[in-house]
file model26.pdb (PDB, C-alpha atoms and all ligand atoms)
ATOM      1  CA  MET A   1      -5.403 -24.367  11.971
ATOM      2  CA  PRO A   2      -3.573 -21.910   9.704
ATOM      3  CA  GLN A   3      -1.321 -19.102  10.874
ATOM      4  CA  ILE A   4      -3.415 -15.917  10.995
ATOM      5  CA  ILE A   5      -1.160 -13.112   9.795
ATOM      6  CA  ASP A   6      -1.816 -10.302  12.246
ATOM      7  CA  GLY A   7      -1.466  -7.039  10.320
ATOM      8  CA  LYS A   8      -2.779  -5.035  13.228
ATOM      9  CA  LYS A   9       0.006  -6.199  15.545
ATOM     10  CA  ILE A  10       2.737  -6.037  12.891
ATOM     11  CA  SER A  11       1.731  -2.519  11.830
ATOM     12  CA  GLN A  12       1.726  -1.454  15.488
ATOM     13  CA  ASP A  13       5.262  -2.876  15.924
ATOM     14  CA  ILE A  14       6.412  -0.913  12.850
ATOM     15  CA  LYS A  15       4.823   2.311  14.133
ATOM     16  CA  ASP A  16       6.508   1.851  17.516
ATOM     17  CA  GLU A  17       9.892   1.299  15.834
ATOM     18  CA  LEU A  18       9.340   4.432  13.740
ATOM     19  CA  LYS A  19       8.447   6.443  16.829
ATOM     20  CA  LEU A  20      11.935   5.763  18.218
ATOM     21  CA  LYS A  21      13.584   6.672  14.901
ATOM     22  CA  VAL A  22      11.626   9.941  14.777
ATOM     23  CA  GLU A  23      12.793  10.829  18.311
ATOM     24  CA  THR A  24      16.380  10.436  17.111
ATOM     25  CA  LEU A  25      15.766  12.457  13.940
ATOM     26  CA  LYS A  26      14.202  15.238  15.980
ATOM     27  CA  LYS A  27      17.239  15.334  18.296
ATOM     28  CA  GLN A  28      19.361  15.704  15.148
ATOM     29  CA  GLY A  29      17.224  18.687  14.106
ATOM     30  CA  LYS A  30      15.591  16.747  11.245
ATOM     31  CA  PRO A  31      11.897  16.424  12.122
ATOM     32  CA  PRO A  32      10.018  14.482   9.412
ATOM     33  CA  THR A  33       7.153  16.403   7.822
ATOM     34  CA  LEU A  34       4.430  15.044   5.537
ATOM     35  CA  ALA A  35       2.205  17.299   3.421
ATOM     36  CA  VAL A  36      -1.166  15.735   2.599
ATOM     37  CA  ILE A  37      -3.299  17.274  -0.141
ATOM     38  CA  GLN A  38      -6.978  16.425  -0.498
ATOM     39  CA  VAL A  39      -9.050  17.976  -3.274
ATOM     40  CA  GLY A  40     -12.798  17.881  -2.646
ATOM     41  CA  GLN A  41     -14.621  15.939   0.018
ATOM     42  CA  ASP A  42     -14.902  12.344  -1.097
ATOM     43  CA  PRO A  43     -15.998  10.672   2.173
ATOM     44  CA  ALA A  44     -13.671   7.652   1.826
ATOM     45  CA  SER A  45     -10.724   9.969   1.128
ATOM     46  CA  THR A  46     -11.584  12.046   4.197
ATOM     47  CA  VAL A  47     -11.421   8.879   6.336
ATOM     48  CA  TYR A  48      -8.088   7.788   4.786
ATOM     49  CA  VAL A  49      -6.570  11.248   5.175
ATOM     50  CA  GLY A  50      -7.781  11.400   8.792
ATOM     51  CA  ASN A  51      -6.130   8.025   9.504
ATOM     52  CA  LYS A  52      -2.883   9.223   7.962
ATOM     53  CA  LYS A  53      -2.898  12.339  10.135
ATOM     54  CA  LYS A  54      -3.558  10.223  13.240
ATOM     55  CA  ALA A  55      -0.674   7.886  12.406
ATOM     56  CA  CYS A  56       1.649  10.899  11.919
ATOM     57  CA  GLU A  57       0.607  12.246  15.298
ATOM     58  CA  TYR A  58       1.253   8.881  16.998
ATOM     59  CA  ILE A  59       4.731   8.547  15.518
ATOM     60  CA  GLY A  60       5.694  12.194  15.913
ATOM     61  CA  ILE A  61       5.762  13.099  12.236
ATOM     62  CA  ASN A  62       4.569  16.650  11.518
ATOM     63  CA  SER A  63       1.640  16.663   9.142
ATOM     64  CA  LEU A  64       0.503  19.605   7.050
ATOM     65  CA  ALA A  65      -3.039  19.334   5.737
ATOM     66  CA  PHE A  66      -4.061  21.048   2.497
ATOM     67  CA  GLU A  67      -7.806  20.693   2.067
ATOM     68  CA  LEU A  68      -8.663  22.207  -1.302
ATOM     69  CA  SER A  69     -12.051  22.844  -2.822
ATOM     70  CA  GLU A  70     -13.545  20.562  -5.465
ATOM     71  CA  GLU A  71     -13.159  23.455  -7.961
ATOM     72  CA  THR A  72      -9.371  23.670  -7.635
ATOM     73  CA  THR A  73      -7.810  23.914 -11.090
ATOM     74  CA  GLN A  74      -4.991  21.801 -12.432
ATOM     75  CA  ASP A  75      -2.690  24.856 -12.494
ATOM     76  CA  GLU A  76      -3.483  25.712  -8.866
ATOM     77  CA  LEU A  77      -2.756  22.157  -7.751
ATOM     78  CA  ILE A  78       0.490  22.019  -9.744
ATOM     79  CA  LYS A  79       1.523  25.347  -8.188
ATOM     80  CA  LEU A  80       0.924  23.991  -4.673
ATOM     81  CA  VAL A  81       2.850  20.775  -5.374
ATOM     82  CA  ASN A  82       5.756  22.818  -6.761
ATOM     83  CA  GLU A  83       5.777  25.052  -3.680
ATOM     84  CA  LEU A  84       5.915  21.943  -1.490
ATOM     85  CA  ASN A  85       8.678  20.487  -3.683
ATOM     86  CA  ASP A  86      10.712  23.635  -2.955
ATOM     87  CA  ARG A  87      10.101  23.705   0.797
ATOM     88  CA  ALA A  88      13.109  22.379   2.718
ATOM     89  CA  ASP A  89      10.920  21.671   5.757
ATOM     90  CA  VAL A  90       8.672  19.243   3.825
ATOM     91  CA  ASN A  91      10.022  15.708   3.337
ATOM     92  CA  GLY A  92       6.998  13.916   1.903
ATOM     93  CA  ILE A  93       4.113  14.941  -0.377
ATOM     94  CA  LEU A  94       0.954  12.887  -0.753
ATOM     95  CA  VAL A  95      -1.908  13.794  -3.074
ATOM     96  CA  GLN A  96      -4.923  11.728  -2.017
ATOM     97  CA  LEU A  97      -6.526   9.842  -4.911
ATOM     98  CA  PRO A  98      -8.950   9.754  -6.608
ATOM     99  CA  LEU A  99      -8.825  13.382  -7.729
ATOM    100  CA  PRO A 100     -11.956  15.077  -9.136
ATOM    101  CA  LYS A 101     -12.451  14.168 -12.806
ATOM    102  CA  HIS A 102     -11.283  17.519 -14.227
ATOM    103  CA  LEU A 103      -7.793  16.957 -12.799
ATOM    104  CA  ASP A 104      -5.231  14.708 -14.505
ATOM    105  CA  GLU A 105      -3.844  12.359 -11.840
ATOM    106  CA  SER A 106      -0.897  11.323 -13.935
ATOM    107  CA  ILE A 107       0.257  14.932 -14.514
ATOM    108  CA  ILE A 108      -0.124  15.729 -10.805
ATOM    109  CA  ILE A 109       1.828  12.633  -9.687
ATOM    110  CA  ASN A 110       4.566  13.457 -12.207
ATOM    111  CA  THR A 111       4.866  16.933 -10.647
ATOM    112  CA  ILE A 112       5.824  15.556  -7.212
ATOM    113  CA  ASP A 113       9.588  15.598  -6.632
ATOM    114  CA  PRO A 114      10.588  11.875  -6.657
ATOM    115  CA  LYS A 115      12.643  12.597  -3.503
ATOM    116  CA  LYS A 116       9.346  13.415  -1.732
ATOM    117  CA  ASP A 117       7.181  10.770  -3.429
ATOM    118  CA  VAL A 118       6.210   8.849  -0.274
ATOM    119  CA  ASP A 119       3.358   7.070  -2.102
ATOM    120  CA  GLY A 120       5.870   5.588  -4.564
ATOM    121  CA  PHE A 121       3.584   6.414  -7.507
ATOM    122  CA  HIS A 122       5.992   8.616  -9.537
ATOM    123  CA  PRO A 123       7.327   6.927 -12.714
ATOM    124  CA  ILE A 124      10.884   7.423 -11.395
ATOM    125  CA  SER A 125       9.992   5.519  -8.194
ATOM    126  CA  VAL A 126       8.342   2.769 -10.256
ATOM    127  CA  GLY A 127      11.358   2.671 -12.599
ATOM    128  CA  ASN A 128      13.785   2.387  -9.682
ATOM    129  CA  LEU A 129      11.777  -0.514  -8.289
ATOM    130  CA  SER A 130      11.797  -2.272 -11.651
ATOM    131  CA  ILE A 131      15.600  -2.102 -11.980
ATOM    132  CA  GLY A 132      16.317  -2.844  -8.321
ATOM    133  CA  GLN A 133      17.522   0.650  -7.371
ATOM    134  CA  PRO A 134      16.654   2.327  -4.065
ATOM    135  CA  GLY A 135      13.515   4.465  -4.094
ATOM    136  CA  PHE A 136      10.056   4.787  -2.614
ATOM    137  CA  VAL A 137       7.821   1.743  -2.995
ATOM    138  CA  SER A 138       4.028   1.754  -3.122
ATOM    139  CA  CYS A 139       2.846   1.232   0.445
ATOM    140  CA  THR A 140       0.409  -1.694   0.167
ATOM    141  CA  PRO A 141       2.785  -4.092  -1.636
ATOM    142  CA  ALA A 142       5.696  -2.949   0.563
ATOM    143  CA  GLY A 143       3.494  -3.732   3.567
ATOM    144  CA  ILE A 144       2.751  -7.216   2.239
ATOM    145  CA  ILE A 145       6.470  -8.003   2.017
ATOM    146  CA  GLU A 146       6.830  -6.849   5.655
ATOM    147  CA  LEU A 147       3.876  -9.047   6.669
ATOM    148  CA  LEU A 148       5.507 -12.088   5.069
ATOM    149  CA  LYS A 149       8.966 -11.390   6.505
ATOM    150  CA  ARG A 150       7.748 -10.664  10.008
ATOM    151  CA  SER A 151       5.601 -13.821   9.918
ATOM    152  CA  ASN A 152       8.721 -15.870   8.971
ATOM    153  CA  ILE A 153       7.257 -16.861   5.597
ATOM    154  CA  GLU A 154      10.041 -17.441   3.099
ATOM    155  CA  ILE A 155       9.621 -15.993  -0.412
ATOM    156  CA  ASP A 156      12.935 -17.148  -1.902
ATOM    157  CA  GLY A 157      12.294 -19.837  -4.537
ATOM    158  CA  LYS A 158       8.531 -19.915  -3.939
ATOM    159  CA  GLU A 159       5.822 -19.910  -6.616
ATOM    160  CA  CYS A 160       4.160 -16.519  -6.144
ATOM    161  CA  VAL A 161       0.951 -15.670  -7.982
ATOM    162  CA  VAL A 162      -0.445 -12.135  -7.969
ATOM    163  CA  VAL A 163      -4.063 -11.731  -9.084
ATOM    164  CA  GLY A 164      -4.576  -8.149 -10.278
ATOM    165  CA  ARG A 165      -2.308  -5.863 -12.310
ATOM    166  CA  SER A 166      -2.961  -2.362 -10.974
ATOM    167  CA  ASN A 167      -0.142   0.180 -10.898
ATOM    168  CA  ILE A 168      -0.577   0.647  -7.142
ATOM    169  CA  VAL A 169      -0.745  -2.998  -6.008
ATOM    170  CA  GLY A 170      -0.428  -5.800  -8.583
ATOM    171  CA  LYS A 171       2.545  -4.616 -10.653
ATOM    172  CA  PRO A 172       4.743  -3.371  -7.760
ATOM    173  CA  MET A 173       3.780  -6.504  -5.784
ATOM    174  CA  ALA A 174       5.095  -8.727  -8.561
ATOM    175  CA  LEU A 175       8.353  -6.735  -8.748
ATOM    176  CA  LEU A 176       8.864  -6.912  -4.977
ATOM    177  CA  LEU A 177       8.260 -10.679  -4.883
ATOM    178  CA  LEU A 178      10.735 -11.015  -7.757
ATOM    179  CA  ARG A 179      13.269  -8.933  -5.807
ATOM    180  CA  GLU A 180      12.863 -11.469  -2.974
ATOM    181  CA  ASN A 181      13.666 -14.303  -5.429
ATOM    182  CA  GLY A 182      10.104 -15.566  -5.845
ATOM    183  CA  THR A 183       9.020 -17.145  -9.144
ATOM    184  CA  VAL A 184       6.277 -14.721 -10.048
ATOM    185  CA  THR A 185       3.158 -14.945 -12.215
ATOM    186  CA  ILE A 186       0.667 -12.102 -12.673
ATOM    187  CA  CYS A 187      -2.968 -12.959 -13.491
ATOM    188  CA  HIS A 188      -5.710 -10.569 -14.572
ATOM    189  CA  SER A 189      -9.200 -10.427 -16.014
ATOM    190  CA  LYS A 190      -8.055 -11.896 -19.351
ATOM    191  CA  THR A 191      -6.201 -14.862 -17.818
ATOM    192  CA  LYS A 192      -7.583 -17.982 -19.551
ATOM    193  CA  ASP A 193      -7.678 -20.533 -16.725
ATOM    194  CA  LEU A 194      -7.304 -18.581 -13.500
ATOM    195  CA  LYS A 195      -7.838 -21.570 -11.189
ATOM    196  CA  GLU A 196      -5.133 -23.544 -12.917
ATOM    197  CA  VAL A 197      -2.631 -20.713 -12.308
ATOM    198  CA  THR A 198      -3.657 -19.796  -8.750
ATOM    199  CA  ARG A 199      -3.514 -23.484  -7.724
ATOM    200  CA  ARG A 200       0.240 -23.416  -8.453
ATOM    201  CA  ALA A 201       0.836 -20.693  -5.872
ATOM    202  CA  ASP A 202       2.805 -21.224  -2.672
ATOM    203  CA  ILE A 203       2.067 -17.550  -2.001
ATOM    204  CA  LEU A 204      -1.147 -16.153  -3.512
ATOM    205  CA  VAL A 205      -1.713 -12.387  -3.403
ATOM    206  CA  VAL A 206      -5.245 -11.387  -4.376
ATOM    207  CA  ALA A 207      -6.104  -7.822  -5.400
ATOM    208  CA  ILE A 208      -9.018  -8.082  -7.809
ATOM    209  CA  GLY A 209     -11.710  -6.051  -6.097
ATOM    210  CA  LYS A 210     -14.403  -8.775  -6.091
ATOM    211  CA  PRO A 211     -15.840  -9.847  -2.732
ATOM    212  CA  ASN A 212     -15.243 -13.486  -1.682
ATOM    213  CA  PHE A 213     -14.113 -14.363  -5.227
ATOM    214  CA  ILE A 214     -11.310 -16.785  -4.327
ATOM    215  CA  THR A 215     -12.709 -20.054  -2.959
ATOM    216  CA  LYS A 216     -10.877 -23.253  -2.081
ATOM    217  CA  GLU A 217     -10.985 -24.474  -5.704
ATOM    218  CA  TYR A 218      -8.454 -21.716  -6.494
ATOM    219  CA  VAL A 219      -6.035 -22.645  -3.723
ATOM    220  CA  LYS A 220      -3.354 -25.304  -3.298
ATOM    221  CA  ASP A 221      -3.142 -27.194   0.011
ATOM    222  CA  GLY A 222      -0.799 -25.353   2.371
ATOM    223  CA  ALA A 223      -0.682 -22.106   0.379
ATOM    224  CA  VAL A 224      -0.133 -18.700   1.992
ATOM    225  CA  ILE A 225      -2.973 -16.301   1.132
ATOM    226  CA  ILE A 226      -2.661 -12.524   1.165
ATOM    227  CA  ASP A 227      -5.997 -10.758   0.683
ATOM    228  CA  VAL A 228      -5.786  -7.120  -0.412
ATOM    229  CA  GLY A 229      -9.528  -6.661  -0.970
ATOM    230  CA  ILE A 230     -11.909  -4.892   1.360
ATOM    231  CA  HIS A 231     -15.661  -4.809   0.787
ATOM    232  CA  ARG A 232     -18.959  -4.767   2.649
ATOM    233  CA  ASN A 233     -20.987  -7.952   2.084
ATOM    234  CA  GLN A 234     -24.792  -8.282   1.948
ATOM    235  CA  VAL A 235     -25.071  -8.014   5.751
ATOM    236  CA  ASN A 236     -22.764  -4.970   5.879
ATOM    237  CA  LYS A 237     -19.841  -6.980   7.284
ATOM    238  CA  LEU A 238     -16.292  -6.380   6.012
ATOM    239  CA  CYS A 239     -14.907  -9.086   3.750
ATOM    240  CA  GLY A 240     -12.010  -9.501   1.330
ATOM    241  CA  ASP A 241     -11.475 -10.820  -2.204
ATOM    242  CA  VAL A 242     -10.938 -14.245  -0.638
ATOM    243  CA  ASP A 243     -13.721 -16.373   0.851
ATOM    244  CA  TYR A 244     -11.934 -16.649   4.213
ATOM    245  CA  LEU A 245     -14.047 -19.389   5.762
ATOM    246  CA  ASP A 246     -14.105 -21.486   2.602
ATOM    247  CA  VAL A 247     -10.285 -21.553   2.190
ATOM    248  CA  PHE A 248      -9.470 -21.597   5.926
ATOM    249  CA  ASP A 249      -8.844 -25.362   6.257
ATOM    250  CA  THR A 250      -6.835 -25.519   3.031
ATOM    251  CA  VAL A 251      -4.225 -22.830   3.693
ATOM    252  CA  SER A 252      -1.112 -22.676   5.909
ATOM    253  CA  ALA A 253      -1.352 -18.922   6.541
ATOM    254  CA  ILE A 254      -3.839 -16.180   5.706
ATOM    255  CA  THR A 255      -4.447 -12.477   6.264
ATOM    256  CA  PRO A 256      -7.835 -11.634   7.802
ATOM    257  CA  VAL A 257     -10.068  -8.781   6.591
ATOM    258  CA  PRO A 258     -10.069  -6.467   8.439
ATOM    259  CA  GLY A 259      -6.768  -6.578  10.336
ATOM    260  CA  GLY A 260      -4.490  -8.045   7.663
ATOM    261  CA  VAL A 261      -3.109  -5.990   4.778
ATOM    262  CA  GLY A 262      -5.147  -2.822   5.519
ATOM    263  CA  PRO A 263      -3.265  -1.502   8.559
ATOM    264  CA  MET A 264       0.084  -2.105   6.827
ATOM    265  CA  THR A 265      -0.496   0.516   4.133
ATOM    266  CA  ILE A 266      -0.381   3.430   6.564
ATOM    267  CA  ALA A 267       2.508   1.905   8.530
ATOM    268  CA  MET A 268       4.558   1.735   5.323
ATOM    269  CA  LEU A 269       3.563   5.285   4.371
ATOM    270  CA  MET A 270       4.941   6.382   7.741
ATOM    271  CA  ASN A 271       8.086   4.339   7.042
ATOM    272  CA  ASN A 272       8.498   6.120   3.704
ATOM    273  CA  CYS A 273       8.089   9.512   5.426
ATOM    274  CA  VAL A 274      10.864   8.656   7.880
ATOM    275  CA  ASN A 275      13.102   7.404   5.050
ATOM    276  CA  ALA A 276      12.385  10.608   3.113
ATOM    277  CA  VAL A 277      14.370  12.600   5.691
ATOM    278  CA  ASP A 278      17.728  11.150   4.710
ATOM    279  CA  CYS A 279      16.437  10.493   1.217
ATOM    280  CA  PHE A 280      17.675   7.399  -0.646
TER     281      PHE A 280
HETATM  282  N1  LIG A 301      -6.318   6.521  -2.362
HETATM  283  C1  LIG A 301      -6.495   5.247  -1.942
HETATM  284  N2  LIG A 301      -5.328   4.730  -1.516
HETATM  285  C2  LIG A 301      -4.393   5.684  -1.679
HETATM  286  C3  LIG A 301      -2.991   5.735  -1.429
HETATM  287  O1  LIG A 301      -2.349   4.793  -0.975
HETATM  288  N3  LIG A 301      -2.384   6.917  -1.733
HETATM  289  C4  LIG A 301      -3.057   7.976  -2.257
HETATM  290  N4  LIG A 301      -2.357   9.075  -2.544
HETATM  291  N5  LIG A 301      -4.345   7.952  -2.520
HETATM  292  C5  LIG A 301      -5.006   6.806  -2.226
END
call {"tool": "encode", "arguments": {"input": "model26.pdb", "output": "structure tokens"}}
result
Amino acid sequence: MPQIIDGKKISQDIKDELKLKVETLKKQGKPPTLAVIQVGQDPASTVYVGNKKKACEYIGINSLAFELSEETTQDELIKLVNELNDRADVNGILVQLPLPKHLDESIIINTIDPKKDVDGFHPISVGNLSIGQPGFVSCTPAGIIELLKRSNIEIDGKECVVVGRSNIVGKPMALLLLRENGTVTICHSKTKDLKEVTRRADILVVAIGKPNFITKEYVKDGAVIIDVGIHRNQVNKLCGDVDYLDVFDTVSAITPVPGGVGPMTIAMLMNNCVNAVDCF
């Protein structure tokens, strides 16, 4: 039976550790504060933003909610971000994505002060990660490294294969695994023989956005599988990018969906907010 990597428990441990750190920061007169901006009312975004607020409350981080109308202009949003950049009482700024189509996400992200970029999406944060300098790291891949470390899974010297090359998950994931001395390969939709590459992996991270795509033919015996996907299947049950039951007997460790990678993203966002107080 493989090790089931318990993201729910590990994220709870991280939140409890952060709670203690926040108590100390508050005693030092440095209460962490996160500003969360949501433009419009995308239902999924409303759920994510609500979960972020709840996590802040649990840990003791102040959260400021900016719920803007769908019609907000680019200039208005830039003005708000700049005001938050200038506020000494705000440590972290998060603009919930996706933004409505008339707004340019890249311009908005570039407006956030890199010292307050708790999502780790600013090009300066990404650049720092790529050259091994301190800086904010995108929360989902940072959470995956924590999952591996806290489950005593060694990365050093391992064959690591990342399936998916998004700016938020795949690319930073590959850089983080490299930083931990993994031998890293990135696969994507144009990869010629995906199975041949994924079957080399000691650690396989899957972020392709296709339900139950990875079956046991893609997996080496004893591999560690990290599943970033989350979908509803035909019977409305949550599932990942990996066919969990199909690969179960092949792997040495695996993240479930739900309860694997998902809860780690918010825990690492909270971690970034706490780190933002005595910024890198
Ligand atoms: N939308 C979906 N995930 C995220 C995230 O991690 N950060 C932001 N800002 N928006 C998102």
call {"tool": "residues_near_ligand", "arguments": {"input": "model26.pdb", "ligand": "ligand LIG 301 (chain A)", "cutoff": "10 Å", "atoms": "all atoms listed in the file", "output": "VMD selection string"}}
result
chain A and resid 36 to 38 44 to 45 48 to 49 52 93 to 99 105 109 117 to 121 138 to 140 168 to 169 265 to 266 268 to 269
call {"tool": "residues_near_point", "arguments": {"input": "model26.pdb", "point": "(12.7, 20.7, 2.3)", "cutoff": "12 Å", "atoms": "only C-alpha atoms", "output": "ChimeraX atom specification"}}
result
/A:30-35,82-93,113,115-116,276-279
call {"tool": "write_last_selection", "arguments": {"input": "model26.pdb", "atoms": "C-alpha atoms", "output": "CSV table (one decimal), keeping the file's coordinate frame"}}
result
chain,number,residue,atom,x,y,z
A,30,LYS,CA,15.6,16.7,11.2
A,31,PRO,CA,11.9,16.4,12.1
A,32,PRO,CA,10.0,14.5,9.4
A,33,THR,CA,7.2,16.4,7.8
A,34,LEU,CA,4.4,15.0,5.5
A,35,ALA,CA,2.2,17.3,3.4
A,82,ASN,CA,5.8,22.8,-6.8
A,83,GLU,CA,5.8,25.1,-3.7
A,84,LEU,CA,5.9,21.9,-1.5
A,85,ASN,CA,8.7,20.5,-3.7
A,86,ASP,CA,10.7,23.6,-3.0
A,87,ARG,CA,10.1,23.7,0.8
A,88,ALA,CA,13.1,22.4,2.7
A,89,ASP,CA,10.9,21.7,5.8
A,90,VAL,CA,8.7,19.2,3.8
A,91,ASN,CA,10.0,15.7,3.3
A,92,GLY,CA,7.0,13.9,1.9
A,93,ILE,CA,4.1,14.9,-0.4
A,113,ASP,CA,9.6,15.6,-6.6
A,115,LYS,CA,12.6,12.6,-3.5
A,116,LYS,CA,9.3,13.4,-1.7
A,276,ALA,CA,12.4,10.6,3.1
A,277,VAL,CA,14.4,12.6,5.7
A,278,ASP,CA,17.7,11.2,4.7
A,279,CYS,CA,16.4,10.5,1.2
call {"tool": "residues_around", "arguments": {"input": "model26.pdb", "residues": "Pro123 of chain A", "least_positions_apart": "5", "cutoff": "10 Å", "atoms": "all atoms listed in the file", "output": "VMD selection string"}}
result
chain A and resid 106 109 to 110 114 128 to 129
call {"tool": "write_last_selection", "arguments": {"input": "model26.pdb", "atoms": "C-alpha atoms", "output": "mmCIF file, in the coordinates of the input"}}
result
data_model
loop_
_atom_site.group_PDB
_atom_site.id
_atom_site.type_symbol
_atom_site.label_atom_id
_atom_site.label_comp_id
_atom_site.auth_asym_id
_atom_site.auth_seq_id
_atom_site.Cartn_x
_atom_site.Cartn_y
_atom_site.Cartn_z
ATOM 1 C CA SER A 106 -0.897 11.323 -13.935
ATOM 2 C CA ILE A 109 1.828 12.633 -9.687
ATOM 3 C CA ASN A 110 4.566 13.457 -12.207
ATOM 4 C CA PRO A 114 10.588 11.875 -6.657
ATOM 5 C CA ASN A 128 13.785 2.387 -9.682
ATOM 6 C CA LEU A 129 11.777 -0.514 -8.289
#
call {"tool": "atom_distance", "arguments": {"input": "model26.pdb", "atom1": "atom CA of Val184 of chain A", "atom2": "atom CA of Val161 of chain A"}}
result
5.8 Å
call {"tool": "closest_residue", "arguments": {"input": "model26.pdb", "among": "A:Asp243, A:Glu57, A:Asp13, A:Asp42", "to": "Glu70 of chain A", "atoms": "all atoms listed in the file"}}
result
A:Asp42
call {"tool": "residues_around", "arguments": {"input": "model26.pdb", "residues": "Lys190 of chain A", "least_positions_apart": "4", "cutoff": "12 Å", "atoms": "only C-alpha atoms", "output": "list in words"}}
result
Val163, Gly164, Arg165, Ile186 and Leu194 of chain A
call {"tool": "closest_residue", "arguments": {"input": "model26.pdb", "among": "A:Val22, A:Met1, A:Ile214, A:Cys56", "to": "Val228 of chain A", "atoms": "all atoms listed in the file"}}
result
A:Ile214
call {"tool": "atom_distance", "arguments": {"input": "model26.pdb", "atom1": "atom CA of Ala174 of chain A", "atom2": "atom CA of Met264 of chain A"}}
result
17.5 Å
call {"tool": "resolve_selection", "arguments": {"input": "model26.pdb", "expression": "the PyMOL selection byres (((chain A and resi 254) around 10) and not hetatm)", "output": "compact mmCIF listing (two decimals) with C-alpha atoms, keeping the file's coordinate frame"}}
result
# COMPACT_ATOMS: atom_id res chain seq x y z
CA PRO A 2 -3.57 -21.91 9.70
CA GLN A 3 -1.32 -19.10 10.87
CA ILE A 4 -3.42 -15.92 11.00
CA ILE A 5 -1.16 -13.11 9.80
CA ASP A 6 -1.82 -10.30 12.25
CA ILE A 203 2.07 -17.55 -2.00
CA LEU A 204 -1.15 -16.15 -3.51
CA ALA A 223 -0.68 -22.11 0.38
CA VAL A 224 -0.13 -18.70 1.99
CA ILE A 225 -2.97 -16.30 1.13
CA ILE A 226 -2.66 -12.52 1.16
CA ASP A 227 -6.00 -10.76 0.68
CA VAL A 242 -10.94 -14.24 -0.64
CA TYR A 244 -11.93 -16.65 4.21
CA VAL A 247 -10.28 -21.55 2.19
CA PHE A 248 -9.47 -21.60 5.93
CA VAL A 251 -4.22 -22.83 3.69
CA SER A 252 -1.11 -22.68 5.91
CA ALA A 253 -1.35 -18.92 6.54
CA THR A 255 -4.45 -12.48 6.26
CA PRO A 256 -7.84 -11.63 7.80
CA VAL A 257 -10.07 -8.78 6.59
CA GLY A 260 -4.49 -8.04 7.66
call {"tool": "decode", "arguments": {"input": "model26.pdb", "residues": "segment 69-79 of chain A", "atoms": "N, CA, C and O atoms", "output": "PDB file, in the first residue's frame"}}
result
ATOM      1  N   SER A  69     -16.451  46.155  -8.744  1.00  0.00           N
ATOM      2  CA  SER A  69     -17.451  45.745  -9.738  1.00  0.00           C
ATOM      3  C   SER A  69     -16.764  45.272 -11.018  1.00  0.00           C
ATOM      4  O   SER A  69     -15.613  45.639 -11.310  1.00  0.00           O
ATOM      5  N   GLU A  70     -17.494  44.457 -11.745  1.00  0.00           N
ATOM      6  CA  GLU A  70     -17.055  43.909 -13.040  1.00  0.00           C
ATOM      7  C   GLU A  70     -16.601  45.031 -13.993  1.00  0.00           C
ATOM      8  O   GLU A  70     -15.754  44.816 -14.856  1.00  0.00           O
ATOM      9  N   GLU A  71     -17.171  46.232 -13.815  1.00  0.00           N
ATOM     10  CA  GLU A  71     -16.895  47.342 -14.754  1.00  0.00           C
ATOM     11  C   GLU A  71     -15.652  48.149 -14.371  1.00  0.00           C
ATOM     12  O   GLU A  71     -15.315  49.134 -15.043  1.00  0.00           O
ATOM     13  N   THR A  72     -14.978  47.764 -13.316  1.00  0.00           N
ATOM     14  CA  THR A  72     -13.777  48.493 -12.897  1.00  0.00           C
ATOM     15  C   THR A  72     -12.807  48.637 -14.074  1.00  0.00           C
ATOM     16  O   THR A  72     -12.574  47.669 -14.804  1.00  0.00           O
ATOM     17  N   THR A  73     -12.260  49.847 -14.227  1.00  0.00           N
ATOM     18  CA  THR A  73     -11.332  50.044 -15.357  1.00  0.00           C
ATOM     19  C   THR A  73      -9.908  49.687 -14.937  1.00  0.00           C
ATOM     20  O   THR A  73      -9.584  49.623 -13.749  1.00  0.00           O
ATOM     21  N   GLN A  74      -9.086  49.512 -15.957  1.00  0.00           N
ATOM     22  CA  GLN A  74      -7.674  49.207 -15.715  1.00  0.00           C
ATOM     23  C   GLN A  74      -7.024  50.294 -14.855  1.00  0.00           C
ATOM     24  O   GLN A  74      -6.292  50.006 -13.915  1.00  0.00           O
ATOM     25  N   ASP A  75      -7.327  51.582 -15.186  1.00  0.00           N
ATOM     26  CA  ASP A  75      -6.722  52.682 -14.429  1.00  0.00           C
ATOM     27  C   ASP A  75      -7.168  52.670 -12.975  1.00  0.00           C
ATOM     28  O   ASP A  75      -6.367  52.933 -12.068  1.00  0.00           O
ATOM     29  N   GLU A  76      -8.448  52.367 -12.749  1.00  0.00           N
ATOM     30  CA  GLU A  76      -8.942  52.315 -11.354  1.00  0.00           C
ATOM     31  C   GLU A  76      -8.242  51.208 -10.574  1.00  0.00           C
ATOM     32  O   GLU A  76      -7.853  51.398  -9.411  1.00  0.00           O
ATOM     33  N   LEU A  77      -8.074  50.059 -11.219  1.00  0.00           N
ATOM     34  CA  LEU A  77      -7.432  48.933 -10.528  1.00  0.00           C
ATOM     35  C   LEU A  77      -5.954  49.247 -10.254  1.00  0.00           C
ATOM     36  O   LEU A  77      -5.447  48.985  -9.153  1.00  0.00           O
ATOM     37  N   ILE A  78      -5.298  49.843 -11.230  1.00  0.00           N
ATOM     38  CA  ILE A  78      -3.877  50.210 -11.036  1.00  0.00           C
ATOM     39  C   ILE A  78      -3.751  51.209  -9.890  1.00  0.00           C
ATOM     40  O   ILE A  78      -2.851  51.103  -9.052  1.00  0.00           O
ATOM     41  N   LYS A  79      -4.705  52.155  -9.833  1.00  0.00           N
ATOM     42  CA  LYS A  79      -4.675  53.172  -8.764  1.00  0.00           C
ATOM     43  C   LYS A  79      -4.799  52.495  -7.392  1.00  0.00           C
ATOM     44  O   LYS A  79      -4.045  52.815  -6.465  1.00  0.00           O
TER      45      LYS A  79
END
